[in-house]
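Working notes, structure below.
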Amino acid sequence: MLNYNDIDKLFGTPLSQVLRPHKPYQFKMWHVASGLVGVFLMYKGFQKVKEDFLTD
């Protein structure tokens, strides 16, 4: 098992300054839900605009 001094010697930088690996982007359920709500609202808005312009 390595201790902090061995890690500093091997990698040349203290652990507090080493970049931590980041997790790749993960799709969550609220992304899908908000996307569906957004698409639904845009669809209803386009219907209303079309209805207003065609009934004149």
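Chains: A, B, ... in order of the structure tokens. Residues: from 1 per chain. Ligands: from 1, in order shown.
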Item to complete: Step one, run DSSP on the backbone; step two, keep only residues of chain A assigned to helix (DSSP H, G or I); then write them as a PyMOL selection string.
Response: chain A and resi 4-11+15-17+29-54
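Across the structure, atom CA of Trp30 of chain A and atom CA of Met42 of chain A are spaced 18.1 Å apart.
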